[in-house]
Amino acid sequence: MSDTPTPQPISELDFFRKRLSTIERLAATKQQQMKSLQDITEAINHNMPIYALVKIYENILRAHQGVGKVLLLMKESEEKWACELVSETAKSIDNVFGAVKLLSPIATIQEVKNHQLGQLNEFDYIIPVMHKKEPVGFALIGEIKETQGDVIEDKLKFIQTITNIIVVANENKKLFKSQLDQMLMQKELRVAEEMQKMLIPNQLPANEKVEVAAYYKAHKSIGGDYYDFIQLENDKIAFCVSDVSGKGISAALLMANLQANLRALITRNYPLDQLVDILNSKIKEITQGEKYITFFIGIFDYKTRLLQYVNAGHTSSLLNSSGEIKELDQGCTILGMFSILPFINVGEVAVAPNSIIVNYTDGLSEASDPDGNLFESDRIENFLKQNHHLTIEQFNKQLIDEMLRFTKGTEFDDDLTLLTLRIK
């Protein structure tokens, strides 16, 4: 005879008791899951930082889902991922980028044993978070405690749900910060634009001695071009035009520094070559040779009718005097690249009555049509020959109009400045 006990049939009452116990346990599990979701949602609504959300996430996984090991990777930018969480029981990742490269092909919940993941093999499951078919996060979990009646697939789906919530919250925070940064940047640009307008003279003389008009258009809201007109003592005037290398705020700041130094120095009656030399030293001290300025400055004496000028690597200004057009090309190299300028030649030319001086930056001469052809200085010179009789305002307007017809709507890729004088 066998000593093996005969199984006793389960009574109907015991069956229902066991069934009720299972239902109660499942209900408690669902209630705990709902509580976990509520905790995370409230934390997100209170705008808690991502590290605090991650701590809540880790507590839910370890305390309520029986997860012994957890690693959370989240995308920070197109080129950067961050390891936001690694539990004490797991090894830290030496190469986050390398880990993401291994995980990137995985788009659904997978078992780690089905993949060759090197250091990540200490985990059991991979839970990806996808956005527009691209991964934005990965959770790796291991050492999951199992209890009677647990369905691992249900547990993994819940973990995937809260992982999605955490990663999406991080994405939303980044998006909000990006939008906020853009708003602040736009506000700062508007302030910088207004400040720059204050540095450029908006009232230019039109009297019995001289008539001056200018056109200025920044490539963006602020630019690196600069022009100025300064009335000096002893029947002299000074005028200049310049172009700072680069664009945007850095160029605008350097332009403002040039303006401040020029205005401070020009009233001290330095010889023109010495003035340019000092400007170069001050600019070089600021830029350390990483940026440079092309610069043209002229000083005209009404009594002698002589124009002295220095062209520091700038597009040559044009002088139409007695029907003859002369390029004002004497000077030196660009400013800000060399501690000591190798040479400075001061040009000097007599200016007849009713002469015109056209100063401009390469945003005008290098404006291009849809085929890439440049407007070029020759075209400006021909326009000057044919239209020197116009008022200065008309001259500038018609020259810009001709340039716009030439470019046929091609977008500007540089700042543009035009400063024109008629010396009577």
# chains A, B, ... in the order shown; residues from 1 in each chain; ligands from 1
>>> residues_around(residues="region 107-113 of chain A", least_positions_apart="2", cutoff="9 Å", atoms="only C-alpha atoms", output="list of chain:residue names")
A:Leu103, A:Ser104, A:Pro105, A:His115, A:Gln116, A:Leu117, A:Leu120, A:Asn121, A:Glu122, A:Phe123, A:Asp124, A:Tyr125, A:Ile126, A:Ile127, A:Pro128, A:Val129, A:Met130, A:Lys133, A:Glu134, A:Pro135, A:Leu140, A:Leu156, A:Lys157, A:Gln160
>>> select_by_dssp(residues="region 96-216 of chain A", states="helix (DSSP H, G or I)", output="MDAnalysis selection string")
chainID A and resid 96:103 112:114 118:122 152:199
>>> residues_around(residues="region 259-269 of chain A", least_positions_apart="6", cutoff="9 Å", atoms="only C-alpha atoms", output="list in words")
Leu199, Ile200, Tyr226, Tyr227, Asp228, Ile230, Leu232, Glu233, Ala238, Leu275, Ile278, Leu279 and Lys282 of chain A
>>> write_last_selection(atoms="C-alpha atoms", output="PDB file, in the first residue's frame")
ATOM      1  CA  LEU A 199      24.255 104.726 -30.372  1.00  0.00           C
ATOM      2  CA  ILE A 200      23.689 105.480 -34.057  1.00  0.00           C
ATOM      3  CA  TYR A 226      28.350 101.267 -37.285  1.00  0.00           C
ATOM      4  CA  TYR A 227      28.331 104.765 -38.691  1.00  0.00           C
ATOM      5  CA  ASP A 228      28.754 108.130 -37.044  1.00  0.00           C
ATOM      6  CA  ILE A 230      30.609 114.174 -35.240  1.00  0.00           C
ATOM      7  CA  LEU A 232      34.295 119.014 -34.147  1.00  0.00           C
ATOM      8  CA  GLU A 233      35.687 122.384 -33.150  1.00  0.00           C
ATOM      9  CA  ALA A 238      34.404 113.731 -38.563  1.00  0.00           C
ATOM     10  CA  LEU A 275      43.862 108.068 -33.209  1.00  0.00           C
ATOM     11  CA  ILE A 278      44.991 103.891 -30.169  1.00  0.00           C
ATOM     12  CA  LEU A 279      41.644 102.496 -31.376  1.00  0.00           C
ATOM     13  CA  LYS A 282      41.899  99.148 -27.377  1.00  0.00           C
TER      14      LYS A 282
END
>>> closest_residue(among="A:Ala367, A:Ile380, A:Leu307, A:Met337", to="Leu404 (chain A)", atoms="only C-alpha atoms")
A:Ala367
>>> closest_residue(among="A:Ala218, A:Val358, A:Ala169, A:Ile297", to="Phe412 (chain A)", atoms="only C-alpha atoms")
A:Ala218
>>> residues_around(residues="Val210 (chain A)", least_positions_apart="5", cutoff="7 Å", atoms="only C-alpha atoms", output="count of residues only")
5
>>> select_by_dssp(residues="region 197-404 of chain A", states="strand (DSSP E or B)", output="PyMOL selection string")
chain A and resi 206+210-217+225-232+236-244+293-301+306-312+317-321+324-328+331-332+335+347-350+355-360+368+374
>>> residues_around(residues="Gly298 (chain A)", least_positions_apart="3", cutoff="6 Å", atoms="only C-alpha atoms", output="ChimeraX atom specification")
/A:238-239,308-309
>>> residues_around(residues="region 71-86 of chain A", least_positions_apart="4", cutoff="8 Å", atoms="only C-alpha atoms", output="list in words")
Tyr51, Val54, Glu58, Ala90, Lys91, Ser92, Ile93, Val96, Phe97, Val100, Val136, Gly137, Phe138, Ala139, Leu140, Ile141 and Val167 of chain A
>>> write_last_selection(atoms="C-alpha atoms", output="PDB file, in the first residue's frame")
ATOM      1  CA  TYR A  51      15.460  64.929  -9.578  1.00  0.00           C
ATOM      2  CA  VAL A  54      12.896  60.622 -10.143  1.00  0.00           C
ATOM      3  CA  GLU A  58      12.369  55.107  -7.603  1.00  0.00           C
ATOM      4  CA  ALA A  90      23.205  48.541  -9.521  1.00  0.00           C
ATOM      5  CA  LYS A  91      26.509  49.520 -11.073  1.00  0.00           C
ATOM      6  CA  SER A  92      26.865  53.008 -12.480  1.00  0.00           C
ATOM      7  CA  ILE A  93      27.283  53.325 -16.246  1.00  0.00           C
ATOM      8  CA  VAL A  96      25.967  56.545 -21.235  1.00  0.00           C
ATOM      9  CA  PHE A  97      26.250  57.239 -24.968  1.00  0.00           C
ATOM     10  CA  VAL A 100      21.995  54.308 -25.454  1.00  0.00           C
ATOM     11  CA  VAL A 136      13.508  59.531 -25.424  1.00  0.00           C
ATOM     12  CA  GLY A 137      14.069  57.313 -22.378  1.00  0.00           C
ATOM     13  CA  PHE A 138      14.965  53.829 -21.201  1.00  0.00           C
ATOM     14  CA  ALA A 139      14.278  52.152 -17.867  1.00  0.00           C
ATOM     15  CA  LEU A 140      16.169  48.971 -16.981  1.00  0.00           C
ATOM     16  CA  ILE A 141      14.880  46.969 -14.031  1.00  0.00           C
ATOM     17  CA  VAL A 167      10.135  61.000 -19.172  1.00  0.00           C
TER      18      VAL A 167
END
>>> residues_around(residues="Ser339 (chain A)", least_positions_apart="5", cutoff="10 Å", atoms="only C-alpha atoms", output="VMD selection string")
chain A and resid 277 280 to 285 288 to 289
>>> write_last_selection(atoms="C-alpha atoms", output="PDB file, in the first residue's frame")
ATOM      1  CA  ASP A 277      46.570 103.358 -33.601  1.00  0.00           C
ATOM      2  CA  ASN A 280      43.408  99.395 -32.670  1.00  0.00           C
ATOM      3  CA  SER A 281      45.133  98.819 -29.313  1.00  0.00           C
ATOM      4  CA  LYS A 282      41.899  99.148 -27.377  1.00  0.00           C
ATOM      5  CA  ILE A 283      40.009  96.804 -29.711  1.00  0.00           C
ATOM      6  CA  LYS A 284      42.834  94.232 -29.667  1.00  0.00           C
ATOM      7  CA  GLU A 285      42.827  94.341 -25.872  1.00  0.00           C
ATOM      8  CA  GLN A 288      42.364  89.190 -28.097  1.00  0.00           C
ATOM      9  CA  GLY A 289      42.531  88.904 -31.870  1.00  0.00           C
TER      10      GLY A 289
END
>>> atom_distance(atom1="CA of Glu366 (chain A)", atom2="CA of Thr391 (chain A)")
24.8 Å
>>> closest_residue(among="A:Phe300, A:Tyr215, A:Tyr57, A:Tyr292", to="Ser250 (chain A)", atoms="only C-alpha atoms")
A:Tyr292
>>> decode(residues="region 87-198 of chain A", atoms="C-alpha atoms", output="short mmCIF file (atom, residue, chain, number, x, y, z; two decimals), in the first residue's frame")
data_model
loop_
_atom_site.label_atom_id
_atom_site.label_comp_id
_atom_site.auth_asym_id
_atom_site.auth_seq_id
_atom_site.Cartn_x
_atom_site.Cartn_y
_atom_site.Cartn_z
CA SER A 87 19.88 52.41 -7.68
CA GLU A 88 22.42 51.60 -4.99
CA THR A 89 22.28 47.93 -5.87
CA ALA A 90 23.21 48.54 -9.52
CA LYS A 91 26.51 49.52 -11.07
CA SER A 92 26.87 53.01 -12.48
CA ILE A 93 27.28 53.33 -16.25
CA ASP A 94 30.73 54.25 -17.52
CA ASN A 95 29.53 55.21 -21.01
CA VAL A 96 25.97 56.55 -21.23
CA PHE A 97 26.25 57.24 -24.97
CA GLY A 98 27.43 53.69 -25.59
CA ALA A 99 24.55 52.26 -23.52
CA VAL A 100 21.99 54.31 -25.45
CA LYS A 101 23.51 53.15 -28.73
CA LEU A 102 22.95 49.52 -27.68
CA LEU A 103 19.39 50.22 -26.50
CA SER A 104 18.23 52.44 -29.38
CA PRO A 105 16.92 49.62 -31.64
CA ILE A 106 14.59 48.42 -28.84
CA ALA A 107 11.09 49.88 -29.19
CA THR A 108 9.03 47.54 -26.96
CA ILE A 109 9.45 45.93 -23.54
CA GLN A 110 12.17 43.29 -23.87
CA GLU A 111 14.03 40.84 -21.69
CA VAL A 112 17.70 41.71 -21.33
CA LYS A 113 18.74 38.10 -21.86
CA ASN A 114 17.62 38.39 -25.48
CA HIS A 115 20.26 41.05 -26.19
CA GLN A 116 24.00 41.46 -25.88
CA LEU A 117 24.15 44.53 -23.64
CA GLY A 118 27.46 44.10 -21.83
CA GLN A 119 27.37 45.90 -18.49
CA LEU A 120 23.58 46.19 -18.69
CA ASN A 121 23.18 42.41 -18.44
CA GLU A 122 22.74 42.71 -14.66
CA PHE A 123 19.15 43.84 -15.34
CA ASP A 124 16.20 41.70 -16.39
CA TYR A 125 13.96 43.96 -18.48
CA ILE A 126 14.28 46.95 -20.81
CA ILE A 127 11.40 49.42 -20.89
CA PRO A 128 11.72 52.01 -23.70
CA VAL A 129 9.85 55.32 -23.91
CA MET A 130 9.21 56.39 -27.51
CA HIS A 131 8.17 59.72 -29.05
CA LYS A 132 7.44 59.87 -32.78
CA LYS A 133 9.17 56.51 -33.20
CA GLU A 134 12.33 57.85 -31.56
CA PRO A 135 13.56 56.81 -28.08
CA VAL A 136 13.51 59.53 -25.42
CA GLY A 137 14.07 57.31 -22.38
CA PHE A 138 14.97 53.83 -21.20
CA ALA A 139 14.28 52.15 -17.87
CA LEU A 140 16.17 48.97 -16.98
CA ILE A 141 14.88 46.97 -14.03
CA GLY A 142 15.98 43.82 -12.27
CA GLU A 143 15.60 41.63 -9.18
CA ILE A 144 11.79 41.90 -9.26
CA LYS A 145 10.19 40.25 -6.27
CA GLU A 146 7.33 37.98 -7.24
CA THR A 147 4.33 37.27 -5.03
CA GLN A 148 1.61 34.71 -5.45
CA GLY A 149 -0.75 35.63 -8.25
CA ASP A 150 1.52 38.34 -9.70
CA VAL A 151 1.40 38.67 -13.47
CA ILE A 152 4.79 40.05 -14.54
CA GLU A 153 3.36 41.47 -17.78
CA ASP A 154 0.88 43.61 -15.82
CA LYS A 155 3.63 44.84 -13.51
CA LEU A 156 5.85 45.74 -16.47
CA LYS A 157 3.02 47.64 -18.16
CA PHE A 158 2.43 49.69 -15.02
CA ILE A 159 6.16 50.43 -14.72
CA GLN A 160 6.14 51.45 -18.38
CA THR A 161 3.22 53.80 -17.67
CA ILE A 162 4.91 55.66 -14.83
CA THR A 163 8.22 55.68 -16.73
CA ASN A 164 6.42 57.35 -19.63
CA ILE A 165 4.96 59.94 -17.25
CA ILE A 166 8.39 60.78 -15.79
CA VAL A 167 10.13 61.00 -19.17
CA VAL A 168 7.35 63.04 -20.77
CA ALA A 169 7.38 65.38 -17.77
CA ASN A 170 11.11 65.88 -18.35
CA GLU A 171 10.48 66.57 -22.06
CA ASN A 172 7.80 69.12 -21.16
CA LYS A 173 10.12 70.83 -18.68
CA LYS A 174 12.81 71.10 -21.35
CA LEU A 175 10.29 72.46 -23.84
CA PHE A 176 8.98 75.00 -21.35
CA LYS A 177 12.53 76.09 -20.43
CA SER A 178 13.41 76.40 -24.11
CA GLN A 179 10.34 78.55 -24.75
CA LEU A 180 11.10 80.66 -21.67
CA ASP A 181 14.71 81.09 -22.77
CA GLN A 182 13.54 82.18 -26.21
CA MET A 183 11.14 84.71 -24.71
CA LEU A 184 13.90 86.12 -22.50
CA MET A 185 16.30 86.19 -25.42
CA GLN A 186 13.77 88.02 -27.58
CA LYS A 187 13.21 90.53 -24.79
CA GLU A 188 16.96 91.05 -24.39
CA LEU A 189 17.32 91.44 -28.16
CA ARG A 190 14.60 94.09 -28.21
CA VAL A 191 16.40 95.98 -25.42
CA ALA A 192 19.73 95.59 -27.25
CA GLU A 193 18.11 96.79 -30.48
CA GLU A 194 16.77 99.91 -28.76
CA MET A 195 20.15 100.54 -27.13
CA GLN A 196 21.91 100.19 -30.47
CA LYS A 197 19.55 102.67 -32.09
CA MET A 198 20.58 105.15 -29.40
#
